[in-house]
>>> print(open('query33.pdb').read())   # PDB, C-alpha atoms, pLDDT in the B column
ATOM      1  CA  MET S   1     -28.366  42.123  72.409  1.00 53.00           C
ATOM      2  CA  ASP S   2     -27.022  39.927  69.671  1.00 55.00           C
ATOM      3  CA  ARG S   3     -24.174  41.134  67.608  1.00 57.00           C
ATOM      4  CA  ARG S   4     -24.467  40.189  64.001  1.00 57.00           C
ATOM      5  CA  GLY S   5     -21.805  40.252  61.347  1.00 54.00           C
ATOM      6  CA  ARG S   6     -22.079  41.751  57.897  1.00 60.00           C
ATOM      7  CA  GLY S   7     -24.100  38.869  56.515  1.00 55.00           C
ATOM      8  CA  GLY S   8     -26.880  39.338  59.018  1.00 55.00           C
ATOM      9  CA  LYS S   9     -26.506  35.851  60.554  1.00 57.00           C
ATOM     10  CA  PRO S  10     -25.791  35.280  64.196  1.00 55.00           C
ATOM     11  CA  ALA S  11     -22.243  34.178  64.903  1.00 55.00           C
ATOM     12  CA  SER S  12     -22.162  30.649  66.237  1.00 55.00           C
ATOM     13  CA  SER S  13     -19.021  29.205  67.624  1.00 56.00           C
ATOM     14  CA  SER S  14     -20.302  25.793  68.530  1.00 60.00           C
ATOM     15  CA  ALA S  15     -21.754  24.557  65.196  1.00 60.00           C
ATOM     16  CA  PRO S  16     -21.130  20.841  64.471  1.00 64.00           C
ATOM     17  CA  GLN S  17     -18.756  20.172  61.516  1.00 68.00           C
ATOM     18  CA  PRO S  18     -18.866  17.069  59.297  1.00 65.00           C
ATOM     19  CA  PRO S  19     -16.063  14.508  59.763  1.00 67.00           C
ATOM     20  CA  GLN S  20     -13.097  15.074  57.461  1.00 71.00           C
ATOM     21  CA  THR S  21     -12.044  12.281  55.077  1.00 69.00           C
ATOM     22  CA  PRO S  22      -8.400  11.697  54.298  1.00 69.00           C
ATOM     23  CA  PRO S  23      -7.332  13.081  50.895  1.00 69.00           C
ATOM     24  CA  GLN S  24      -7.390  10.431  48.140  1.00 71.00           C
ATOM     25  CA  PRO S  25      -4.467  10.063  45.762  1.00 71.00           C
ATOM     26  CA  ARG S  26      -5.047  11.734  42.404  1.00 71.00           C
ATOM     27  CA  LYS S  27      -5.459   9.526  39.348  1.00 70.00           C
ATOM     28  CA  GLU S  28      -2.681   9.813  36.832  1.00 72.00           C
ATOM     29  CA  ARG S  29      -3.792  11.949  33.928  1.00 67.00           C
ATOM     30  CA  ARG S  30      -3.739  10.420  30.447  1.00 66.00           C
ATOM     31  CA  PRO S  31      -1.293  12.289  28.247  1.00 61.00           C
ATOM     32  CA  SER S  32      -2.697  14.430  25.497  1.00 65.00           C
ATOM     33  CA  MET S  33      -1.772  13.410  21.968  1.00 57.00           C
ATOM     34  CA  PHE S  34      -0.464  16.932  21.414  1.00 64.00           C
ATOM     35  CA  GLU S  35       2.179  16.696  24.122  1.00 65.00           C
ATOM     36  CA  LYS S  36       5.722  15.852  23.127  1.00 61.00           C
ATOM     37  CA  GLU S  37       6.357  12.080  22.939  1.00 69.00           C
ATOM     38  CA  ALA S  38       2.780  11.335  24.033  1.00 70.00           C
ATOM     39  CA  TYR S  39       1.599  10.354  20.551  1.00 65.00           C
ATOM     40  CA  ALA S  40       4.339   7.738  20.257  1.00 69.00           C
ATOM     41  CA  GLN S  41       3.351   6.327  23.655  1.00 71.00           C
ATOM     42  CA  ILE S  42      -0.304   6.121  22.614  1.00 69.00           C
ATOM     43  CA  LEU S  43       0.655   4.209  19.460  1.00 68.00           C
ATOM     44  CA  ARG S  44       2.886   1.842  21.445  1.00 71.00           C
ATOM     45  CA  ASP S  45       0.005   1.105  23.821  1.00 71.00           C
ATOM     46  CA  ARG S  46      -2.364   0.393  20.950  1.00 66.00           C
ATOM     47  CA  LEU S  47       0.110  -1.745  19.014  1.00 64.00           C
ATOM     48  CA  ARG S  48       0.929  -3.797  22.106  1.00 63.00           C
ATOM     49  CA  GLU S  49      -2.520  -5.371  21.855  1.00 58.00           C
ATOM     50  CA  SER S  50      -2.581  -5.785  18.067  1.00 53.00           C
ATOM     51  CA  PHE S  51      -1.431  -8.730  15.983  1.00 50.00           C
ATOM     52  CA  HIS S  52       1.509  -8.618  13.619  1.00 50.00           C
ATOM     53  CA  ASP S  53       2.163 -10.947  10.672  1.00 49.00           C
ATOM     54  CA  VAL S  54      -0.723 -13.262  11.457  1.00 45.00           C
ATOM     55  CA  GLN S  55      -0.745 -16.434   9.382  1.00 47.00           C
ATOM     56  CA  TYR S  56      -3.424 -19.063   9.117  1.00 45.00           C
ATOM     57  CA  VAL S  57      -4.679 -21.738   6.734  1.00 45.00           C
ATOM     58  CA  GLU S  58      -8.319 -21.804   5.754  1.00 50.00           C
ATOM     59  CA  PRO S  59     -10.149 -25.068   6.482  1.00 50.00           C
ATOM     60  CA  PRO S  60     -11.027 -27.439   3.622  1.00 49.00           C
ATOM     61  CA  PHE S  61     -14.182 -26.830   1.672  1.00 50.00           C
ATOM     62  CA  ASP S  62     -15.310 -30.454   1.580  1.00 52.00           C
ATOM     63  CA  GLU S  63     -14.220 -33.903   2.751  1.00 54.00           C
ATOM     64  CA  SER S  64     -12.470 -34.887  -0.508  1.00 52.00           C
ATOM     65  CA  ILE S  65      -9.846 -32.152  -0.115  1.00 49.00           C
ATOM     66  CA  ALA S  66      -9.170 -33.199   3.483  1.00 49.00           C
ATOM     67  CA  ASP S  67      -8.516 -36.785   2.344  1.00 49.00           C
ATOM     68  CA  LEU S  68      -5.840 -35.704  -0.164  1.00 48.00           C
ATOM     69  CA  GLY S  69      -3.359 -35.007   2.612  1.00 49.00           C
ATOM     70  CA  LYS S  70      -3.109 -33.814   6.149  1.00 49.00           C
ATOM     71  CA  GLU S  71      -0.419 -31.236   5.472  1.00 52.00           C
ATOM     72  CA  TRP S  72      -1.492 -28.119   3.659  1.00 48.00           C
ATOM     73  CA  LYS S  73       0.518 -26.863   0.749  1.00 51.00           C
ATOM     74  CA  SER S  74       1.849 -23.343   1.025  1.00 52.00           C
ATOM     75  CA  VAL S  75      -0.174 -22.441  -2.079  1.00 50.00           C
ATOM     76  CA  LEU S  76      -3.409 -22.941  -0.136  1.00 54.00           C
ATOM     77  CA  ALA S  77      -2.286 -20.766   2.773  1.00 59.00           C
ATOM     78  CA  LYS S  78      -3.529 -17.195   2.836  1.00 65.00           C
ATOM     79  CA  LEU S  79      -1.393 -14.638   4.615  1.00 66.00           C
ATOM     80  CA  LYS S  80      -3.109 -12.019   6.744  1.00 69.00           C
ATOM     81  CA  PHE S  81      -1.163  -8.959   7.853  1.00 66.00           C
ATOM     82  CA  ALA S  82      -2.032  -6.320  10.395  1.00 74.00           C
ATOM     83  CA  ASN S  83      -2.186  -2.721   9.223  1.00 76.00           C
ATOM     84  CA  SER S  84       1.240  -1.069   9.375  1.00 74.00           C
ATOM     85  CA  TYR S  85      -0.121   2.500   9.147  1.00 78.00           C
ATOM     86  CA  ARG S  86       2.640   3.268   6.615  1.00 76.00           C
ATOM     87  CA  MET S  87       1.814   6.256   4.419  1.00 81.00           C
ATOM     88  CA  GLU S  88       4.921   6.166   2.215  1.00 84.00           C
ATOM     89  CA  PRO S  89       6.868   3.357   0.514  1.00 85.00           C
ATOM     90  CA  LEU S  90      10.056   1.885   1.910  1.00 85.00           C
ATOM     91  CA  LYS S  91      11.594   2.142  -1.558  1.00 88.00           C
ATOM     92  CA  LYS S  92      10.299   4.716  -4.020  1.00 90.00           C
ATOM     93  CA  PHE S  93       9.655   3.648  -7.614  1.00 91.00           C
ATOM     94  CA  GLN S  94      12.756   4.377  -9.723  1.00 91.00           C
ATOM     95  CA  ALA S  95      11.514   5.133 -13.239  1.00 92.00           C
ATOM     96  CA  HIS S  96      14.899   5.211 -14.999  1.00 93.00           C
ATOM     97  CA  SER S  97      15.963   1.696 -13.911  1.00 94.00           C
ATOM     98  CA  VAL S  98      12.576   0.222 -14.851  1.00 95.00           C
ATOM     99  CA  GLU S  99      12.655   2.002 -18.209  1.00 95.00           C
ATOM    100  CA  THR S 100      16.016   0.486 -19.164  1.00 95.00           C
ATOM    101  CA  LYS S 101      14.783  -3.004 -18.182  1.00 95.00           C
ATOM    102  CA  VAL S 102      11.550  -2.648 -20.187  1.00 95.00           C
ATOM    103  CA  GLN S 103      13.507  -1.294 -23.160  1.00 95.00           C
ATOM    104  CA  GLN S 104      15.827  -4.303 -22.975  1.00 95.00           C
ATOM    105  CA  ILE S 105      12.880  -6.751 -22.889  1.00 95.00           C
ATOM    106  CA  LEU S 106      11.277  -5.107 -25.929  1.00 94.00           C
ATOM    107  CA  LYS S 107      14.542  -5.163 -27.874  1.00 94.00           C
ATOM    108  CA  GLU S 108      15.233  -8.838 -27.104  1.00 94.00           C
ATOM    109  CA  SER S 109      11.674 -10.053 -27.750  1.00 92.00           C
ATOM    110  CA  LEU S 110      10.999  -8.102 -30.961  1.00 92.00           C
ATOM    111  CA  LYS S 111      14.416  -8.403 -32.577  1.00 89.00           C
ATOM    112  CA  ASP S 112      13.328 -10.375 -35.676  1.00 87.00           C
ATOM    113  CA  VAL S 113       9.536 -10.043 -35.535  1.00 89.00           C
ATOM    114  CA  LYS S 114       7.598  -8.779 -38.572  1.00 89.00           C
ATOM    115  CA  TYR S 115       4.161  -7.188 -38.293  1.00 88.00           C
ATOM    116  CA  ASP S 116       1.300  -9.683 -38.069  1.00 85.00           C
ATOM    117  CA  ASP S 117      -1.871  -8.748 -36.210  1.00 81.00           C
ATOM    118  CA  LYS S 118      -2.704 -12.378 -35.328  1.00 85.00           C
ATOM    119  CA  VAL S 119       0.722 -12.951 -33.770  1.00 87.00           C
ATOM    120  CA  PHE S 120       0.723  -9.619 -31.960  1.00 89.00           C
ATOM    121  CA  SER S 121      -2.517 -10.342 -30.076  1.00 86.00           C
ATOM    122  CA  HIS S 122      -0.770 -13.179 -28.211  1.00 89.00           C
ATOM    123  CA  LEU S 123       2.638 -11.513 -28.164  1.00 91.00           C
ATOM    124  CA  SER S 124       1.287  -8.432 -26.380  1.00 91.00           C
ATOM    125  CA  LEU S 125      -0.006 -10.597 -23.514  1.00 92.00           C
ATOM    126  CA  GLU S 126       3.285 -12.488 -23.249  1.00 93.00           C
ATOM    127  CA  LEU S 127       5.274  -9.248 -23.245  1.00 94.00           C
ATOM    128  CA  ALA S 128       3.029  -7.737 -20.569  1.00 94.00           C
ATOM    129  CA  ASP S 129       3.577 -10.802 -18.355  1.00 94.00           C
ATOM    130  CA  ARG S 130       7.354 -10.680 -18.875  1.00 95.00           C
ATOM    131  CA  ILE S 131       7.486  -6.970 -18.108  1.00 95.00           C
ATOM    132  CA  LEU S 132       5.337  -7.418 -15.002  1.00 95.00           C
ATOM    133  CA  SER S 133       7.545 -10.183 -13.608  1.00 94.00           C
ATOM    134  CA  ALA S 134      10.682  -8.145 -14.360  1.00 95.00           C
ATOM    135  CA  VAL S 135       9.279  -5.055 -12.613  1.00 95.00           C
ATOM    136  CA  LYS S 136       8.252  -7.119  -9.561  1.00 93.00           C
ATOM    137  CA  GLU S 137      11.858  -8.318  -9.206  1.00 93.00           C
ATOM    138  CA  PHE S 138      12.910  -4.764  -8.315  1.00 93.00           C
ATOM    139  CA  GLY S 139      11.120  -5.212  -4.969  1.00 90.00           C
ATOM    140  CA  TYR S 140       8.857  -2.172  -4.848  1.00 90.00           C
ATOM    141  CA  HIS S 141       6.573  -3.212  -1.989  1.00 86.00           C
ATOM    142  CA  ARG S 142       2.936  -2.109  -1.861  1.00 87.00           C
ATOM    143  CA  TYR S 143       2.973  -0.916  -5.474  1.00 91.00           C
ATOM    144  CA  LYS S 144       0.398  -2.147  -7.955  1.00 92.00           C
ATOM    145  CA  PHE S 145       1.494  -2.260 -11.575  1.00 94.00           C
ATOM    146  CA  VAL S 146      -0.590  -1.819 -14.700  1.00 94.00           C
ATOM    147  CA  ILE S 147       1.152  -2.832 -17.944  1.00 95.00           C
ATOM    148  CA  LYS S 148      -0.048  -1.788 -21.400  1.00 94.00           C
ATOM    149  CA  VAL S 149       1.630  -3.125 -24.546  1.00 94.00           C
ATOM    150  CA  LEU S 150       0.529  -1.597 -27.844  1.00 92.00           C
ATOM    151  CA  PHE S 151       1.527  -2.539 -31.395  1.00 92.00           C
ATOM    152  CA  ILE S 152       0.892   0.125 -34.041  1.00 91.00           C
ATOM    153  CA  GLN S 153       1.317  -0.594 -37.727  1.00 90.00           C
ATOM    154  CA  LYS S 154       3.088   2.106 -39.703  1.00 89.00           C
ATOM    155  CA  THR S 155       0.808   3.223 -42.526  1.00 89.00           C
ATOM    156  CA  GLY S 156       1.488   6.955 -42.498  1.00 86.00           C
ATOM    157  CA  GLN S 157      -1.054   7.781 -39.791  1.00 87.00           C
ATOM    158  CA  ALA S 158      -0.744   9.737 -36.577  1.00 86.00           C
ATOM    159  CA  ILE S 159      -1.843   8.361 -33.222  1.00 86.00           C
ATOM    160  CA  ASN S 160      -2.571   9.836 -29.797  1.00 88.00           C
ATOM    161  CA  ILE S 161      -2.597   7.637 -26.683  1.00 87.00           C
ATOM    162  CA  ALA S 162      -4.082   8.908 -23.422  1.00 87.00           C
ATOM    163  CA  SER S 163      -4.564   7.368 -19.976  1.00 84.00           C
ATOM    164  CA  ARG S 164      -6.408   8.712 -16.943  1.00 85.00           C
ATOM    165  CA  TRP S 165      -5.798   7.709 -13.341  1.00 82.00           C
ATOM    166  CA  ILE S 166      -6.448   8.918  -9.848  1.00 86.00           C
ATOM    167  CA  TRP S 167      -2.881   9.961  -9.190  1.00 87.00           C
ATOM    168  CA  ASP S 168      -0.740  10.724  -6.156  1.00 87.00           C
ATOM    169  CA  VAL S 169       2.083  12.842  -7.541  1.00 88.00           C
ATOM    170  CA  ALA S 170       4.321  12.135  -4.542  1.00 89.00           C
ATOM    171  CA  TRP S 171       4.534   8.328  -4.918  1.00 90.00           C
ATOM    172  CA  ASP S 172       2.863   7.198  -8.169  1.00 92.00           C
ATOM    173  CA  SER S 173       4.806   7.136 -11.415  1.00 92.00           C
ATOM    174  CA  TRP S 174       4.860   5.720 -14.906  1.00 94.00           C
ATOM    175  CA  VAL S 175       7.372   4.599 -17.536  1.00 94.00           C
ATOM    176  CA  GLY S 176       7.110   4.352 -21.304  1.00 94.00           C
ATOM    177  CA  ALA S 177       9.423   2.381 -23.581  1.00 95.00           C
ATOM    178  CA  LYS S 178       9.321   2.219 -27.394  1.00 94.00           C
ATOM    179  CA  HIS S 179      10.711  -0.206 -29.970  1.00 93.00           C
ATOM    180  CA  GLU S 180      10.447   0.872 -33.610  1.00 92.00           C
ATOM    181  CA  THR S 181      10.942  -1.115 -36.820  1.00 90.00           C
ATOM    182  CA  GLU S 182      10.161  -0.398 -40.469  1.00 90.00           C
ATOM    183  CA  THR S 183       6.627  -1.819 -40.277  1.00 90.00           C
ATOM    184  CA  TYR S 184       5.420  -1.189 -36.722  1.00 92.00           C
ATOM    185  CA  VAL S 185       5.993   0.588 -33.415  1.00 92.00           C
ATOM    186  CA  ALA S 186       5.770  -1.303 -30.106  1.00 93.00           C
ATOM    187  CA  LEU S 187       4.954   0.813 -27.072  1.00 94.00           C
ATOM    188  CA  ALA S 188       5.055  -0.504 -23.486  1.00 95.00           C
ATOM    189  CA  LEU S 189       3.608   1.582 -20.635  1.00 95.00           C
ATOM    190  CA  VAL S 190       4.174   0.694 -16.977  1.00 95.00           C
ATOM    191  CA  PHE S 191       2.049   2.483 -14.359  1.00 95.00           C
ATOM    192  CA  ALA S 192       3.195   2.134 -10.745  1.00 94.00           C
ATOM    193  CA  LEU S 193       0.485   2.977  -8.198  1.00 92.00           C
ATOM    194  CA  TYR S 194       1.341   3.017  -4.499  1.00 91.00           C
ATOM    195  CA  CYS S 195      -1.301   1.482  -2.223  1.00 86.00           C
ATOM    196  CA  GLU S 196      -1.231   2.690   1.396  1.00 75.00           C
TER     197      GLU S 196
END
>>> encode(input="query33.pdb", output="structure tokens")
Amino acid sequence: MDRRGRGGKPASSSAPQPPQTPPQPRKERRPSMFEKEAYAQILRDRLRESFHDVQYVEPPFDESIADLGKEWKSVLAKLKFANSYRMEPLKKFQAHSVETKVQQILKESLKDVKYDDKVFSHLSLELADRILSAVKEFGYHRYKFVIKVLFIQKTGQAINIASRWIWDVAWDSWVGAKHETETYVALALVFALYCE
């Protein structure tokens, strides 16, 4: 009589077994971005294949430009930069230093100027250009500047000036400077907007 085990199957001692394969080495697991130091390693691997500070010159548009000279002027060259993934400026906009510079420009430029609406239409553009070039000399990288210069004649009236922007309170800022005489008030507004 056959003895059966608990499972109800006959016990067989001579059953053929499949051949065993040698164990294969395990593949190295990719680190998770949540592990310590793994995120920095992932970024290093990605940046290793990217381009940094790529420069090139666009080809000429027609044959006449190519005949002018074989060497391209630096004015025609367009710089292309890879994304730096920087979310904050290297140097934050310093409102007090810009305000003193803008105040100084207004005082020097409008020292002996009397109110004339025809003169002020051109003078406001010139002042805005001077203020913009002076603010750019501070070296605030990746900031865009919007300059408003307003001339208001004094005739006993009140005035309200308002501006609206999409604003990042951490990095964006603005500066206002005023120059006042007996006949007019000159107001210069500088808006500094950080672009990521």
>>> atom_distance(input="query33.pdb", atom1="CA of Phe120 in chain S", atom2="CA of Glu180 in chain S")
14.4 Å
>>> closest_residue(input="query33.pdb", among="S:Ala192, S:Ile147, S:Leu90, S:Ile105", to="Asp168 in chain S", atoms="only C-alpha atoms")
S:Ala192
>>> resolve_selection(input="query33.pdb", expression="the PyMOL selection byres ((chain S and resi 112) around 12)", output="PyMOL selection string")
chain S and resi 106-111+113-115+179-183
>>> closest_residue(input="query33.pdb", among="S:Cys195, S:Leu189, S:Leu127, S:Ala38", to="Ala162 in chain S", atoms="only C-alpha atoms")
S:Leu189
>>> residues_around(input="query33.pdb", residues="Trp174 in chain S", least_positions_apart="2", cutoff="12 Å", atoms="all atoms listed in the file", output="PyMOL selection string")
chain S and resi 93-99+102+135+143-148+163-165+167-169+171-172+176-177+188-194
>>> build_atoms(input="query33.pdb", residues="range 129-140 of chain S", atoms="all heavy atoms", output="compact mmCIF listing (two decimals), keeping the file's coordinate frame")
# COMPACT_ATOMS: atom_id res chain seq x y z
N ASP S 129 3.23 -9.91 -19.47
CA ASP S 129 3.58 -10.80 -18.36
C ASP S 129 5.07 -10.77 -18.05
O ASP S 129 5.47 -10.74 -16.88
CB ASP S 129 3.15 -12.24 -18.66
CG ASP S 129 1.64 -12.42 -18.61
OD1 ASP S 129 0.98 -11.58 -17.97
OD2 ASP S 129 1.14 -13.39 -19.20
N ARG S 130 5.89 -10.75 -19.09
CA ARG S 130 7.35 -10.68 -18.88
C ARG S 130 7.76 -9.37 -18.22
O ARG S 130 8.60 -9.34 -17.33
CB ARG S 130 8.10 -10.85 -20.21
CG ARG S 130 8.17 -12.28 -20.70
CD ARG S 130 9.08 -12.41 -21.87
NE ARG S 130 10.44 -12.02 -21.55
CZ ARG S 130 11.38 -11.77 -22.45
NH1 ARG S 130 11.11 -11.87 -23.73
NH2 ARG S 130 12.60 -11.43 -22.08
N ILE S 131 7.16 -8.28 -18.68
CA ILE S 131 7.49 -6.97 -18.11
C ILE S 131 7.03 -6.90 -16.65
O ILE S 131 7.75 -6.40 -15.79
CB ILE S 131 6.86 -5.84 -18.96
CG1 ILE S 131 7.56 -5.77 -20.32
CG2 ILE S 131 6.92 -4.51 -18.24
CD1 ILE S 131 6.88 -4.87 -21.32
N LEU S 132 5.84 -7.44 -16.37
CA LEU S 132 5.34 -7.42 -15.00
C LEU S 132 6.24 -8.20 -14.06
O LEU S 132 6.57 -7.74 -12.96
CB LEU S 132 3.91 -7.97 -14.96
CG LEU S 132 3.25 -8.02 -13.59
CD1 LEU S 132 3.11 -6.62 -13.01
CD2 LEU S 132 1.89 -8.69 -13.68
N SER S 133 6.66 -9.39 -14.48
CA SER S 133 7.54 -10.18 -13.61
C SER S 133 8.90 -9.52 -13.44
O SER S 133 9.50 -9.58 -12.36
CB SER S 133 7.70 -11.60 -14.15
OG SER S 133 8.29 -11.58 -15.43
N ALA S 134 9.40 -8.85 -14.48
CA ALA S 134 10.68 -8.14 -14.36
C ALA S 134 10.58 -6.94 -13.43
O ALA S 134 11.50 -6.67 -12.65
CB ALA S 134 11.16 -7.69 -15.74
N VAL S 135 9.46 -6.22 -13.48
CA VAL S 135 9.28 -5.06 -12.61
C VAL S 135 9.10 -5.49 -11.16
O VAL S 135 9.62 -4.85 -10.25
CB VAL S 135 8.07 -4.21 -13.09
CG1 VAL S 135 7.72 -3.14 -12.10
CG2 VAL S 135 8.38 -3.58 -14.44
N LYS S 136 8.43 -6.62 -10.93
CA LYS S 136 8.25 -7.12 -9.56
C LYS S 136 9.58 -7.54 -8.93
O LYS S 136 9.70 -7.53 -7.71
CB LYS S 136 7.27 -8.28 -9.55
CG LYS S 136 5.83 -7.84 -9.67
CD LYS S 136 4.89 -9.00 -9.52
CE LYS S 136 3.45 -8.55 -9.54
NZ LYS S 136 2.53 -9.67 -9.36
N GLU S 137 10.55 -7.92 -9.74
CA GLU S 137 11.86 -8.32 -9.21
C GLU S 137 12.62 -7.15 -8.58
O GLU S 137 13.53 -7.36 -7.79
CB GLU S 137 12.71 -8.95 -10.30
CG GLU S 137 12.24 -10.33 -10.70
CD GLU S 137 13.04 -10.90 -11.86
OE1 GLU S 137 14.00 -10.24 -12.32
OE2 GLU S 137 12.70 -12.00 -12.32
N PHE S 138 12.25 -5.93 -8.91
CA PHE S 138 12.91 -4.76 -8.32
C PHE S 138 12.57 -4.62 -6.83
O PHE S 138 13.30 -3.96 -6.10
CB PHE S 138 12.53 -3.48 -9.06
CG PHE S 138 13.24 -3.30 -10.36
CD1 PHE S 138 12.62 -3.63 -11.56
CD2 PHE S 138 14.52 -2.79 -10.41
CE1 PHE S 138 13.27 -3.46 -12.76
CE2 PHE S 138 15.19 -2.61 -11.60
CZ PHE S 138 14.56 -2.95 -12.79
N GLY S 139 11.47 -5.21 -6.38
CA GLY S 139 11.12 -5.21 -4.97
C GLY S 139 10.46 -3.94 -4.47
O GLY S 139 10.71 -3.52 -3.35
N TYR S 140 9.61 -3.34 -5.30
CA TYR S 140 8.86 -2.17 -4.85
C TYR S 140 7.62 -2.67 -4.12
O TYR S 140 6.64 -3.06 -4.74
CB TYR S 140 8.46 -1.29 -6.03
CG TYR S 140 9.64 -0.75 -6.81
CD1 TYR S 140 9.85 -1.10 -8.13
CD2 TYR S 140 10.55 0.10 -6.20
CE1 TYR S 140 10.93 -0.61 -8.83
CE2 TYR S 140 11.62 0.59 -6.89
CZ TYR S 140 11.81 0.24 -8.20
OH TYR S 140 12.88 0.73 -8.89
